file model_37.cif (mmCIF, C-alpha atoms and all ligand atoms)
data_structure
#
loop_
_atom_site.label_atom_id
_atom_site.label_comp_id
_atom_site.auth_asym_id
_atom_site.auth_seq_id
_atom_site.Cartn_x
_atom_site.Cartn_y
_atom_site.Cartn_z
CA MET N 1 10.17 10.33 -24.83
CA SER N 2 13.78 11.45 -25.19
CA GLY N 3 16.21 11.84 -22.29
CA ARG N 4 15.65 10.87 -18.70
CA VAL N 5 12.15 10.94 -17.26
CA GLN N 6 11.73 13.96 -14.96
CA ILE N 7 9.86 13.22 -11.73
CA ALA N 8 9.12 15.86 -9.08
CA LEU N 9 8.46 14.97 -5.45
CA ALA N 10 5.73 16.71 -3.43
CA GLY N 11 6.25 16.14 0.29
CA ALA N 12 9.86 15.57 1.32
CA GLY N 13 9.14 14.06 4.74
CA LEU N 14 9.92 10.53 5.92
CA VAL N 15 8.33 8.63 3.03
CA GLY N 16 9.02 11.27 0.38
CA ARG N 17 12.73 10.83 1.05
CA TRP N 18 12.42 7.05 0.49
CA HIS N 19 11.02 7.89 -2.96
CA ALA N 20 13.77 10.46 -3.56
CA ASP N 21 16.39 7.84 -2.63
CA ALA N 22 14.80 5.40 -5.11
CA ILE N 23 14.78 8.02 -7.88
CA LEU N 24 18.33 9.15 -7.15
CA SER N 25 19.49 5.51 -7.23
CA MET N 26 18.28 5.17 -10.85
CA GLU N 27 20.03 8.14 -12.38
CA SER N 28 20.42 6.61 -15.82
CA GLU N 29 16.63 6.25 -16.16
CA VAL N 30 15.09 9.08 -14.17
CA ALA N 31 15.92 12.50 -12.72
CA LEU N 32 14.56 14.09 -9.55
CA ALA N 33 13.18 17.24 -11.20
CA ALA N 34 12.20 19.26 -8.12
CA ILE N 35 11.12 19.16 -4.50
CA VAL N 36 7.76 20.67 -3.57
CA ASP N 37 7.41 21.15 0.19
CA PRO N 38 6.51 24.38 1.99
CA SER N 39 8.47 23.52 5.15
CA PRO N 40 12.00 24.82 5.92
CA ASP N 41 13.10 21.17 6.16
CA GLY N 42 11.76 20.60 2.65
CA LYS N 43 13.73 23.55 1.29
CA ALA N 44 16.89 22.42 3.13
CA TYR N 45 16.46 18.93 1.67
CA ALA N 46 16.10 20.31 -1.88
CA ASP N 47 19.33 22.28 -1.35
CA LYS N 48 21.05 19.17 -0.01
CA VAL N 49 20.16 17.00 -3.01
CA GLY N 50 20.76 19.91 -5.39
CA VAL N 51 17.37 20.19 -7.12
CA PRO N 52 14.99 23.17 -7.57
CA TRP N 53 12.60 23.84 -4.66
CA HIS N 54 8.98 25.04 -4.81
CA GLY N 55 6.61 25.87 -1.97
CA SER N 56 3.55 24.45 -3.77
CA LEU N 57 2.48 22.44 -6.79
CA THR N 58 1.02 25.66 -8.26
CA GLU N 59 4.51 27.20 -8.15
CA LEU N 60 6.03 24.06 -9.65
CA PHE N 61 3.62 23.93 -12.57
CA GLY N 62 4.03 27.70 -13.06
CA SER N 63 7.70 27.23 -13.88
CA GLU N 64 8.28 23.65 -15.06
CA ARG N 65 6.42 20.60 -16.35
CA PRO N 66 7.85 17.36 -14.99
CA ASP N 67 6.80 14.10 -16.65
CA GLY N 68 5.31 12.91 -13.37
CA VAL N 69 4.87 13.79 -9.70
CA VAL N 70 5.17 11.59 -6.62
CA VAL N 71 2.83 12.86 -3.88
CA ALA N 72 4.04 11.92 -0.39
CA THR N 73 2.24 14.64 1.53
CA PRO N 74 -0.08 14.21 4.54
CA ASN N 75 -3.26 12.29 3.64
CA GLN N 76 -5.39 15.41 4.20
CA VAL N 77 -3.92 17.10 1.10
CA HIS N 78 -3.79 14.09 -1.25
CA LEU N 79 -7.10 15.07 -2.88
CA GLU N 80 -6.02 18.67 -3.53
CA ASN N 81 -2.56 17.57 -4.75
CA ALA N 82 -3.93 14.86 -7.02
CA LEU N 83 -6.54 17.12 -8.59
CA GLU N 84 -3.89 19.78 -9.26
CA CYS N 85 -1.63 17.27 -11.07
CA ILE N 86 -4.56 15.87 -13.05
CA SER N 87 -5.69 19.40 -14.04
CA VAL N 88 -2.37 19.93 -15.88
CA ASP N 89 -2.32 16.38 -17.36
CA CYS N 90 0.60 15.30 -15.20
CA PRO N 91 0.72 11.58 -14.23
CA VAL N 92 0.82 11.17 -10.47
CA LEU N 93 1.85 8.49 -7.99
CA ILE N 94 0.03 9.18 -4.69
CA GLU N 95 1.13 7.63 -1.43
CA LYS N 96 -1.39 5.42 0.32
CA PRO N 97 -4.11 5.86 1.38
CA ILE N 98 -5.20 7.53 -1.84
CA ALA N 99 -7.23 10.04 0.22
CA THR N 100 -8.83 10.40 3.64
CA SER N 101 -12.18 8.90 2.56
CA SER N 102 -13.70 6.96 -0.30
CA ASP N 103 -15.78 10.05 -1.16
CA GLU N 104 -12.54 11.96 -1.77
CA ALA N 105 -11.03 9.00 -3.61
CA ILE N 106 -14.02 8.93 -5.97
CA GLN N 107 -13.28 12.56 -6.88
CA ILE N 108 -9.74 11.54 -7.86
CA VAL N 109 -10.97 8.52 -9.85
CA THR N 110 -13.54 10.68 -11.64
CA ALA N 111 -11.08 13.48 -12.51
CA ALA N 112 -8.45 11.00 -13.72
CA ARG N 113 -10.95 9.24 -15.98
CA GLU N 114 -12.29 12.47 -17.41
CA LYS N 115 -8.82 13.83 -18.22
CA ARG N 116 -7.34 10.38 -18.99
CA VAL N 117 -4.38 11.06 -16.70
CA PRO N 118 -2.67 8.04 -15.14
CA VAL N 119 -2.97 7.91 -11.35
CA LEU N 120 -1.03 5.32 -9.34
CA VAL N 121 -1.37 4.61 -5.62
CA GLY N 122 1.65 3.75 -3.47
CA HIS N 123 0.68 0.29 -2.27
CA HIS N 124 4.28 -0.59 -3.05
CA ARG N 125 4.17 -4.13 -1.62
CA ARG N 126 2.52 -5.28 -4.86
CA HIS N 127 5.83 -4.45 -6.54
CA ASN N 128 7.77 -6.77 -4.22
CA PRO N 129 9.01 -9.78 -6.27
CA ILE N 130 7.73 -12.07 -3.47
CA ILE N 131 4.20 -10.83 -4.08
CA ARG N 132 4.63 -11.02 -7.85
CA LYS N 133 5.70 -14.65 -7.38
CA ALA N 134 2.73 -15.40 -5.10
CA LYS N 135 0.35 -13.85 -7.62
CA SER N 136 1.72 -16.00 -10.46
CA LEU N 137 1.60 -19.20 -8.36
CA ILE N 138 -2.06 -18.51 -7.59
CA GLU N 139 -2.88 -17.63 -11.21
CA GLU N 140 -1.13 -20.81 -12.42
CA GLY N 141 -3.43 -22.79 -10.11
CA ARG N 142 -0.56 -24.20 -8.03
CA LEU N 143 -2.62 -23.76 -4.83
CA GLY N 144 -5.80 -25.16 -6.36
CA ARG N 145 -8.90 -23.29 -5.24
CA ILE N 146 -8.20 -20.64 -2.58
CA THR N 147 -10.25 -21.62 0.46
CA THR N 148 -8.96 -19.39 3.20
CA VAL N 149 -6.30 -16.83 4.07
CA GLN N 150 -4.79 -15.59 7.32
CA SER N 151 -3.08 -12.22 7.67
CA ASN N 152 -1.17 -11.12 10.73
CA CYS N 153 0.07 -7.63 11.48
CA TRP N 154 1.27 -7.52 15.10
CA LEU N 155 3.61 -4.65 15.84
CA LEU N 156 4.88 -2.79 18.88
CA LYS N 157 5.00 0.96 18.23
CA PRO N 158 7.04 3.11 20.63
CA GLU N 159 5.26 5.59 22.91
CA ASP N 160 6.84 8.61 21.19
CA TYR N 161 5.14 7.56 17.92
CA PHE N 162 1.95 8.85 19.53
CA SER N 163 3.33 12.25 20.57
CA GLN N 164 1.60 13.76 17.51
CA ALA N 165 -2.11 14.17 18.34
CA TRP N 166 -3.36 13.01 14.91
CA ARG N 167 -1.88 9.57 15.53
CA ARG N 168 -4.17 9.12 18.56
CA ALA N 169 -7.30 10.34 16.74
CA GLY N 170 -9.99 8.24 15.08
CA GLY N 171 -9.03 6.84 11.68
CA ALA N 172 -5.27 7.03 12.35
CA GLY N 173 -5.00 3.62 13.99
CA PRO N 174 -3.34 0.47 12.66
CA VAL N 175 -6.29 -0.49 10.41
CA MET N 176 -5.87 2.62 8.23
CA VAL N 177 -2.10 3.04 8.67
CA ASN N 178 -0.79 -0.56 8.55
CA ALA N 179 -3.49 -3.11 7.70
CA ILE N 180 -4.57 -1.16 4.60
CA HIS N 181 -1.38 -2.54 2.97
CA ASP N 182 -2.32 -6.10 4.02
CA LEU N 183 -5.88 -5.57 2.76
CA ASP N 184 -4.59 -4.33 -0.58
CA LEU N 185 -2.48 -7.51 -0.91
CA LEU N 186 -5.35 -9.79 0.14
CA ARG N 187 -7.52 -8.19 -2.57
CA TYR N 188 -4.68 -8.56 -5.08
CA LEU N 189 -4.02 -12.22 -4.26
CA CYS N 190 -7.48 -13.53 -3.35
CA GLY N 191 -9.92 -11.25 -5.19
CA GLU N 192 -12.56 -8.78 -4.07
CA VAL N 193 -14.13 -8.91 -0.62
CA ALA N 194 -17.93 -9.13 -0.43
CA SER N 195 -18.38 -8.40 3.29
CA VAL N 196 -16.51 -7.90 6.54
CA HIS N 197 -17.32 -8.36 10.19
CA ALA N 198 -14.87 -6.72 12.57
CA ALA N 199 -14.26 -5.90 16.20
CA ALA N 200 -11.81 -3.25 17.38
CA SER N 201 -10.38 -2.42 20.77
CA SER N 202 -8.44 0.44 22.33
CA ALA N 203 -8.10 -1.35 25.66
CA VAL N 204 -4.30 -1.10 25.88
CA ARG N 205 -3.56 2.49 24.85
CA GLN N 206 -7.03 3.92 25.59
CA PHE N 207 -6.79 6.34 22.64
CA GLU N 208 -9.72 7.46 20.52
CA THR N 209 -8.44 5.26 17.70
CA GLU N 210 -8.21 1.45 17.86
CA ASP N 211 -4.98 -0.26 18.85
CA THR N 212 -6.18 -3.74 17.89
CA ALA N 213 -8.69 -5.16 15.41
CA ALA N 214 -9.85 -8.64 14.38
CA VAL N 215 -11.61 -9.05 11.05
CA LEU N 216 -13.53 -11.77 9.25
CA LEU N 217 -13.41 -11.30 5.48
CA VAL N 218 -15.85 -13.01 3.09
CA PHE N 219 -14.45 -12.97 -0.45
CA GLU N 220 -16.67 -12.86 -3.54
CA SER N 221 -15.18 -16.25 -4.51
CA GLY N 222 -16.57 -17.77 -1.31
CA ALA N 223 -13.13 -17.95 0.33
CA LEU N 224 -12.96 -16.79 3.93
CA GLY N 225 -10.15 -14.79 5.50
CA THR N 226 -9.11 -13.54 8.89
CA LEU N 227 -6.96 -10.51 9.57
CA SER N 228 -5.54 -9.57 12.94
CA VAL N 229 -3.81 -6.22 13.48
CA SER N 230 -2.41 -4.61 16.60
CA ASP N 231 0.25 -2.02 17.32
CA THR N 232 0.57 -3.10 20.96
CA VAL N 233 2.12 -6.55 20.45
CA ALA N 234 5.78 -7.54 20.76
CA SER N 235 5.95 -10.04 17.90
CA PRO N 236 7.88 -11.02 14.75
CA TRP N 237 4.67 -11.63 12.69
CA SER N 238 4.01 -8.65 10.44
CA TRP N 239 4.99 -7.83 6.86
CA GLU N 240 6.97 -4.92 8.28
CA LEU N 241 9.21 -7.27 10.32
CA THR N 242 9.35 -10.23 7.95
CA ALA N 243 9.75 -8.84 4.43
CA GLY N 244 12.99 -6.92 4.99
CA GLU N 245 11.73 -4.01 2.87
CA ASN N 246 12.68 -1.34 5.39
CA SER N 247 16.08 -1.31 7.07
CA ALA N 248 14.53 0.58 10.03
CA TYR N 249 13.16 -2.78 11.20
CA ALA N 250 15.39 -5.78 11.87
CA ALA N 251 14.02 -8.56 9.65
CA THR N 252 12.88 -11.86 11.16
CA ASP N 253 12.64 -15.18 9.30
CA GLN N 254 8.96 -15.62 10.14
CA SER N 255 5.85 -15.37 7.97
CA CYS N 256 2.77 -13.19 8.30
CA TYR N 257 0.41 -14.44 5.57
CA LEU N 258 -0.89 -18.00 5.07
CA VAL N 259 -2.84 -18.60 1.86
CA GLY N 260 -4.68 -21.93 1.91
CA GLY N 261 -5.77 -23.80 -1.22
CA THR N 262 -7.18 -27.22 -2.05
CA GLU N 263 -3.88 -28.35 -3.62
CA ALA N 264 -1.28 -26.45 -1.60
CA SER N 265 -0.75 -23.63 0.85
CA LEU N 266 1.62 -20.72 0.63
CA SER N 267 3.34 -18.89 3.47
CA LEU N 268 4.64 -15.38 2.85
CA PRO N 269 7.02 -13.68 2.70
CA ASP N 270 9.19 -16.82 3.05
CA ALA N 271 7.51 -18.10 -0.16
CA ARG N 272 7.16 -21.73 0.91
CA LEU N 273 4.65 -23.79 -1.03
CA TRP N 274 3.39 -26.64 1.16
CA ARG N 275 1.77 -29.78 -0.27
CA HIS N 276 1.24 -33.41 0.65
CA ASP N 277 3.39 -36.07 -1.02
CA GLY N 278 1.91 -37.26 -4.30
CA GLY N 279 -0.76 -34.57 -4.14
CA GLY N 280 -2.36 -36.59 -1.31
CA ASN N 281 -4.15 -35.61 1.89
CA TRP N 282 -3.47 -35.26 5.62
CA LYS N 283 -2.52 -38.94 5.85
CA ASP N 284 0.45 -38.28 3.55
CA PRO N 285 3.60 -36.47 4.66
CA ILE N 286 3.63 -32.77 3.91
CA GLY N 287 6.68 -30.76 2.87
CA PHE N 288 7.51 -27.45 1.30
CA GLU N 289 9.19 -26.23 -1.84
CA SER N 290 10.94 -22.88 -1.38
CA GLN N 291 10.18 -20.57 -4.28
CA ALA N 292 13.20 -18.83 -5.75
CA VAL N 293 12.66 -15.10 -5.53
CA GLN N 294 15.28 -12.48 -6.36
CA LYS N 295 15.03 -9.73 -3.72
CA ALA N 296 14.49 -6.20 -5.00
CA ASN N 297 13.56 -2.86 -3.49
CA PRO N 298 9.80 -2.49 -4.14
CA LEU N 299 9.97 1.32 -3.98
CA ALA N 300 12.52 1.34 -6.81
CA ALA N 301 10.40 -1.19 -8.72
CA GLN N 302 7.39 1.08 -8.20
CA ILE N 303 9.28 4.09 -9.63
CA ARG N 304 10.41 1.96 -12.59
CA HIS N 305 6.75 0.99 -13.15
CA PHE N 306 5.73 4.68 -12.88
CA ILE N 307 8.25 5.45 -15.65
CA SER N 308 6.71 2.72 -17.85
CA VAL N 309 3.24 4.17 -17.25
CA ILE N 310 4.49 7.70 -18.08
CA GLU N 311 6.02 6.34 -21.29
CA GLY N 312 2.74 4.65 -22.22
CA GLU N 313 4.21 1.15 -21.95
CA ALA N 314 2.16 -0.07 -18.97
CA GLU N 315 -1.15 0.44 -17.22
CA PRO N 316 -1.02 1.30 -13.49
CA LEU N 317 -0.67 -1.85 -11.37
CA VAL N 318 -2.35 -0.03 -8.47
CA SER N 319 -4.69 2.43 -10.16
CA ALA N 320 -6.82 5.09 -8.46
CA GLU N 321 -9.72 2.59 -8.60
CA GLU N 322 -7.57 -0.01 -6.81
CA GLY N 323 -6.56 2.57 -4.20
CA LEU N 324 -10.22 3.47 -3.72
CA ASN N 325 -11.24 -0.18 -3.27
CA SER N 326 -8.53 -0.85 -0.68
CA LEU N 327 -9.49 2.33 1.18
CA ALA N 328 -13.19 1.41 1.03
CA LEU N 329 -12.37 -2.03 2.49
CA ALA N 330 -10.49 -0.44 5.42
CA GLU N 331 -13.40 1.97 5.95
CA ALA N 332 -15.88 -0.93 5.94
CA ILE N 333 -13.83 -2.64 8.67
CA LEU N 334 -13.90 0.46 10.88
CA GLN N 335 -17.62 0.87 10.23
CA SER N 336 -18.30 -2.78 11.09
CA ALA N 337 -16.27 -2.47 14.30
CA ALA N 338 -18.16 0.70 15.27
CA ASP N 339 -21.62 -0.74 14.49
CA GLY N 340 -21.00 -4.29 15.70
CA ARG N 341 -22.45 -5.85 12.55
CA ALA N 342 -21.31 -7.17 9.19
CA VAL N 343 -20.83 -4.59 6.42
CA THR N 344 -21.21 -5.51 2.77
CA LEU N 345 -18.90 -3.81 0.32
CA GLU N 346 -21.84 -3.14 -1.99
CA SER N 347 -22.74 -0.30 0.36
CA ILE N 348 -19.55 1.49 -0.70
CA PRO N 349 -20.15 3.99 -3.55
CA ASP N 350 -19.12 2.70 -6.96
CA PRO N 351 -17.09 5.29 -8.91
CA ALA N 352 -18.50 3.99 -12.18
CA ALA N 353 -21.99 4.90 -10.92
CA SER N 354 -20.92 8.47 -10.21
CA LEU N 355 -19.77 8.78 -13.83
CA ALA N 356 -22.92 7.34 -15.38
N1 LIG N 401 4.04 3.35 1.66
C1 LIG N 401 4.25 3.24 2.97
O1 LIG N 401 4.67 2.19 3.49
C2 LIG N 401 3.97 4.42 3.86
C3 LIG N 401 4.45 4.43 5.17
C4 LIG N 401 4.18 5.54 5.96
C5 LIG N 401 3.45 6.60 5.45
N2 LIG N 401 2.97 6.55 4.17
C6 LIG N 401 2.22 7.68 3.59
O2 LIG N 401 3.14 8.66 3.09
C7 LIG N 401 2.57 9.98 3.19
C8 LIG N 401 3.55 10.88 3.92
O3 LIG N 401 3.79 10.39 5.22
P1 LIG N 401 5.11 10.82 6.02
O4 LIG N 401 5.18 9.91 7.20
O5 LIG N 401 6.27 10.91 5.09
O6 LIG N 401 4.70 12.28 6.51
P2 LIG N 401 5.69 13.44 6.94
O7 LIG N 401 4.90 14.30 7.86
O8 LIG N 401 7.00 12.90 7.40
O9 LIG N 401 5.99 14.24 5.57
C9 LIG N 401 5.02 14.97 4.88
C10 LIG N 401 5.73 16.13 4.17
O10 LIG N 401 4.78 16.79 3.33
C11 LIG N 401 5.01 18.21 3.42
N3 LIG N 401 3.79 18.88 2.99
C12 LIG N 401 2.69 19.19 3.72
N4 LIG N 401 1.76 19.79 2.94
C13 LIG N 401 2.29 19.85 1.69
C14 LIG N 401 1.82 20.34 0.44
N5 LIG N 401 0.59 20.86 0.33
N6 LIG N 401 2.62 20.24 -0.63
C15 LIG N 401 3.86 19.70 -0.52
N7 LIG N 401 4.36 19.21 0.64
C16 LIG N 401 3.59 19.28 1.73
C17 LIG N 401 5.40 18.42 4.86
O11 LIG N 401 6.09 19.65 5.03
C18 LIG N 401 6.27 17.19 5.13
O12 LIG N 401 7.63 17.46 4.82
C19 LIG N 401 1.23 9.79 3.90
O13 LIG N 401 0.23 9.71 2.93
C20 LIG N 401 1.37 8.44 4.59
O14 LIG N 401 0.12 7.78 4.78
C21 LIG N 401 3.24 5.49 3.38
#
call {"tool": "encode", "arguments": {"input": "model_37.cif", "output": "structure tokens", "more": "lines below"}}
Ligand SMILES: NC(=O)c1ccc[n+]([C@@H]2O[C@H](COP(=O)([O-])OP(=O)(O)OC[C@H]3O[C@@H](n4cnc5c(N)ncnc54)[C@H](O)[C@@H]3O)[C@@H](O)[C@H]2O)c1
result
Amino acid sequence: MSGRVQIALAGAGLVGRWHADAILSMESEVALAAIVDPSPDGKAYADKVGVPWHGSLTELFGSERPDGVVVATPNQVHLENALECISVDCPVLIEKPIATSSDEAIQIVTAAREKRVPVLVGHHRRHNPIIRKAKSLIEEGRLGRITTVQSNCWLLKPEDYFSQAWRRAGGAGPVMVNAIHDLDLLRYLCGEVASVHAAASSAVRQFETEDTAAVLLVFESGALGTLSVSDTVASPWSWELTAGENSAYAATDQSCYLVGGTEASLSLPDARLWRHDGGGNWKDPIGFESQAVQKANPLAAQIRHFISVIEGEAEPLVSAEEGLNSLALAEAILQSAADGRAVTLESIPDPAASLA
């Protein structure tokens, strides 16, 4: 491919503008080809950053062919947007969740496989160097066998966050909006989940959707995990407030994930590897080794990865299948909480089966 990679952005709202900032910060590698957003704000933003504006993807593809599209539109139109990009063989990076349901996500997986078009899902935390480091420590066996993992996502959202009705409705609570990122990382670091047993509560806000959930995760490896999520808690223990990825939140020096292994344990995002002296046991002193990690903006790293995929140099780190599996896990948690029983992930449709 000659010249700079041309990436268009569909959906120039809050998150779309984060992507635009990342693209615009890498001007030697990539160009922001166009903004696609039917709203007056979208048009005004395109004028401000000085790129062509289109009211729809159909209009965009009618006049230009970017090398890739970032879709940061509302979840309800991810399916339609993704299928349109795939239909014209245009690689697409879709914000998370990949779609509103695993049934919709399967349609994206199926279309992408049939047309052999790369689809990436915006679980950008996997691109954070801290997570890359954690993944390599685990793969090198530095933790021994993973026995258990603890994930904490306790946030306090302001009341005006809920002024939009959809944020109070079922499926728009912290499991689908926040914990889906944690679940994607737990899958990435600890492997696939076999079953979940969850309870959810809306006792504080009394909305249709949950404000708090507690989850027991049984991994295929036999490891057990617990995940706690709430958007009603004043606390420093969430990825959002510990990782320093988003300047909208003042970063704390706390951790939100504990990964426990037979040789050592890892706290994240402070990347401390804890082990007993001499590889011993609880009778021996325990201390930590801080892992050296160079900080980097994961959204920029994700765009750089998208460029490599477009250029045929890499496979998607978070493919449509990965996005589907993380969505299916979040759905299983909500189903378990609603039914009051364990849900096995085998009950989630397998995209491979739909292609057979
Ligand atoms: N990665 C993350 O950490 C993260 C965080 C928050 C939200 N998200 C996801 O990002 C996506 C966008 O969320 P947001 O908070 O930016 O929403 P938003 O409402 O701020 O922005 C959405 C934009 O899409 C535009 N739009 C609507 N329909 C469109 C269409 N058919 N084509 C083109 N543009 C269209 C709207 O006009 C709006 O400007 C959602 O999928 C959300 O789940 C991701």
call {"tool": "residues_around", "arguments": {"input": "model_37.cif", "residues": "range 124-135 of chain N", "least_positions_apart": "4", "cutoff": "9 Å", "atoms": "all atoms listed in the file", "output": "ChimeraX atom specification"}}
result
/N:95-96,139-140,181-182,184-185,188-190,243,245,266,268-271,291-302,305,317-318
call {"tool": "closest_residue", "arguments": {"input": "model_37.cif", "among": "N:Gly171, N:Pro236, N:Gly191, N:Pro66", "to": "ligand LIG 401 (chain N)", "atoms": "all atoms listed in the file"}}
result
N:Gly171
call {"tool": "closest_residue", "arguments": {"input": "model_37.cif", "among": "N:Val30, N:Ala20, N:Leu156, N:Val177", "to": "ligand LIG 401 (chain N)", "atoms": "all atoms listed in the file"}}
result
N:Val177
call {"tool": "atom_distance", "arguments": {"input": "model_37.cif", "atom1": "CA of Leu241 in chain N", "atom2": "atom C5 of ligand LIG 401 (chain N)"}}
result
15.8 Å
call {"tool": "closest_residue", "arguments": {"input": "model_37.cif", "among": "N:Val121, N:Leu258, N:Leu143, N:Ala234", "to": "Glu321 in chain N", "atoms": "all atoms listed in the file"}}
result
N:Val121
call {"tool": "axis_aligned_box", "arguments": {"input": "model_37.cif", "around": "ligand LIG 401 (chain N)", "padding_each_side": "5 Å", "output": "AutoDock Vina command-line options"}}
result
--center_x 3.9 --center_y 11.5 --center_z 3.6 --size_x 17.5 --size_y 28.7 --size_z 18.5
call {"tool": "decode", "arguments": {"input": "model_37.cif", "residues": "range 233-250 of chain N", "atoms": "N, CA, C and O atoms", "output": "PDB file, in the first residue's frame"}}
result
ATOM      1  N   VAL N 233     -20.775   3.065  43.629  1.00  0.00           N
ATOM      2  CA  VAL N 233     -19.802   2.989  44.718  1.00  0.00           C
ATOM      3  C   VAL N 233     -18.696   4.044  44.569  1.00  0.00           C
ATOM      4  O   VAL N 233     -18.035   4.117  43.520  1.00  0.00           O
ATOM      5  N   ALA N 234     -18.481   4.810  45.616  1.00  0.00           N
ATOM      6  CA  ALA N 234     -17.368   5.771  45.637  1.00  0.00           C
ATOM      7  C   ALA N 234     -16.111   4.982  45.971  1.00  0.00           C
ATOM      8  O   ALA N 234     -15.931   4.557  47.120  1.00  0.00           O
ATOM      9  N   SER N 235     -15.277   4.712  44.979  1.00  0.00           N
ATOM     10  CA  SER N 235     -14.109   3.848  45.226  1.00  0.00           C
ATOM     11  C   SER N 235     -13.004   4.124  44.219  1.00  0.00           C
ATOM     12  O   SER N 235     -13.274   4.624  43.115  1.00  0.00           O
ATOM     13  N   PRO N 236     -11.766   3.760  44.540  1.00  0.00           N
ATOM     14  CA  PRO N 236     -10.665   3.908  43.579  1.00  0.00           C
ATOM     15  C   PRO N 236     -10.412   2.621  42.782  1.00  0.00           C
ATOM     16  O   PRO N 236      -9.479   2.572  42.004  1.00  0.00           O
ATOM     17  N   TRP N 237     -11.218   1.543  42.975  1.00  0.00           N
ATOM     18  CA  TRP N 237     -10.871   0.220  42.452  1.00  0.00           C
ATOM     19  C   TRP N 237     -11.650  -0.154  41.197  1.00  0.00           C
ATOM     20  O   TRP N 237     -12.614  -0.932  41.239  1.00  0.00           O
ATOM     21  N   SER N 238     -11.244   0.429  40.093  1.00  0.00           N
ATOM     22  CA  SER N 238     -11.783   0.058  38.779  1.00  0.00           C
ATOM     23  C   SER N 238     -10.662   0.304  37.787  1.00  0.00           C
ATOM     24  O   SER N 238      -9.755   1.107  38.055  1.00  0.00           O
ATOM     25  N   TRP N 239     -10.714  -0.372  36.636  1.00  0.00           N
ATOM     26  CA  TRP N 239      -9.710  -0.103  35.591  1.00  0.00           C
ATOM     27  C   TRP N 239      -9.782   1.366  35.187  1.00  0.00           C
ATOM     28  O   TRP N 239      -8.753   2.026  34.974  1.00  0.00           O
ATOM     29  N   GLU N 240     -11.032   1.878  35.103  1.00  0.00           N
ATOM     30  CA  GLU N 240     -11.225   3.260  34.677  1.00  0.00           C
ATOM     31  C   GLU N 240     -10.417   4.224  35.553  1.00  0.00           C
ATOM     32  O   GLU N 240      -9.838   5.186  35.041  1.00  0.00           O
ATOM     33  N   LEU N 241     -10.392   3.985  36.875  1.00  0.00           N
ATOM     34  CA  LEU N 241      -9.721   4.924  37.786  1.00  0.00           C
ATOM     35  C   LEU N 241      -8.286   4.527  38.143  1.00  0.00           C
ATOM     36  O   LEU N 241      -7.605   5.274  38.852  1.00  0.00           O
ATOM     37  N   THR N 242      -7.835   3.380  37.691  1.00  0.00           N
ATOM     38  CA  THR N 242      -6.475   2.967  38.050  1.00  0.00           C
ATOM     39  C   THR N 242      -5.502   2.986  36.870  1.00  0.00           C
ATOM     40  O   THR N 242      -4.301   3.168  37.062  1.00  0.00           O
ATOM     41  N   ALA N 243      -6.027   2.781  35.645  1.00  0.00           N
ATOM     42  CA  ALA N 243      -5.105   2.574  34.517  1.00  0.00           C
ATOM     43  C   ALA N 243      -4.592   3.877  33.910  1.00  0.00           C
ATOM     44  O   ALA N 243      -3.619   3.865  33.160  1.00  0.00           O
ATOM     45  N   GLY N 244      -5.285   4.989  34.200  1.00  0.00           N
ATOM     46  CA  GLY N 244      -4.836   6.275  33.651  1.00  0.00           C
ATOM     47  C   GLY N 244      -4.985   6.372  32.148  1.00  0.00           C
ATOM     48  O   GLY N 244      -4.287   7.135  31.488  1.00  0.00           O
ATOM     49  N   GLU N 245      -5.929   5.599  31.570  1.00  0.00           N
ATOM     50  CA  GLU N 245      -6.105   5.632  30.112  1.00  0.00           C
ATOM     51  C   GLU N 245      -6.874   6.865  29.669  1.00  0.00           C
ATOM     52  O   GLU N 245      -6.744   7.305  28.532  1.00  0.00           O
ATOM     53  N   ASN N 246      -7.738   7.362  30.564  1.00  0.00           N
ATOM     54  CA  ASN N 246      -8.657   8.429  30.170  1.00  0.00           C
ATOM     55  C   ASN N 246      -8.483   9.612  31.121  1.00  0.00           C
ATOM     56  O   ASN N 246      -8.743   9.491  32.325  1.00  0.00           O
ATOM     57  N   SER N 247      -8.067  10.753  30.553  1.00  0.00           N
ATOM     58  CA  SER N 247      -7.773  11.907  31.407  1.00  0.00           C
ATOM     59  C   SER N 247      -9.033  12.482  32.065  1.00  0.00           C
ATOM     60  O   SER N 247      -8.947  13.341  32.939  1.00  0.00           O
ATOM     61  N   ALA N 248     -10.216  11.999  31.645  1.00  0.00           N
ATOM     62  CA  ALA N 248     -11.464  12.458  32.289  1.00  0.00           C
ATOM     63  C   ALA N 248     -11.544  11.968  33.734  1.00  0.00           C
ATOM     64  O   ALA N 248     -12.305  12.516  34.537  1.00  0.00           O
ATOM     65  N   TYR N 249     -10.792  10.912  34.057  1.00  0.00           N
ATOM     66  CA  TYR N 249     -10.816  10.375  35.420  1.00  0.00           C
ATOM     67  C   TYR N 249      -9.432  10.546  36.042  1.00  0.00           C
ATOM     68  O   TYR N 249      -8.434  10.123  35.451  1.00  0.00           O
ATOM     69  N   ALA N 250      -9.414  11.121  37.251  1.00  0.00           N
ATOM     70  CA  ALA N 250      -8.136  11.268  37.956  1.00  0.00           C
ATOM     71  C   ALA N 250      -7.643   9.874  38.355  1.00  0.00           C
ATOM     72  O   ALA N 250      -8.378   9.116  38.996  1.00  0.00           O
TER      73      ALA N 250
END
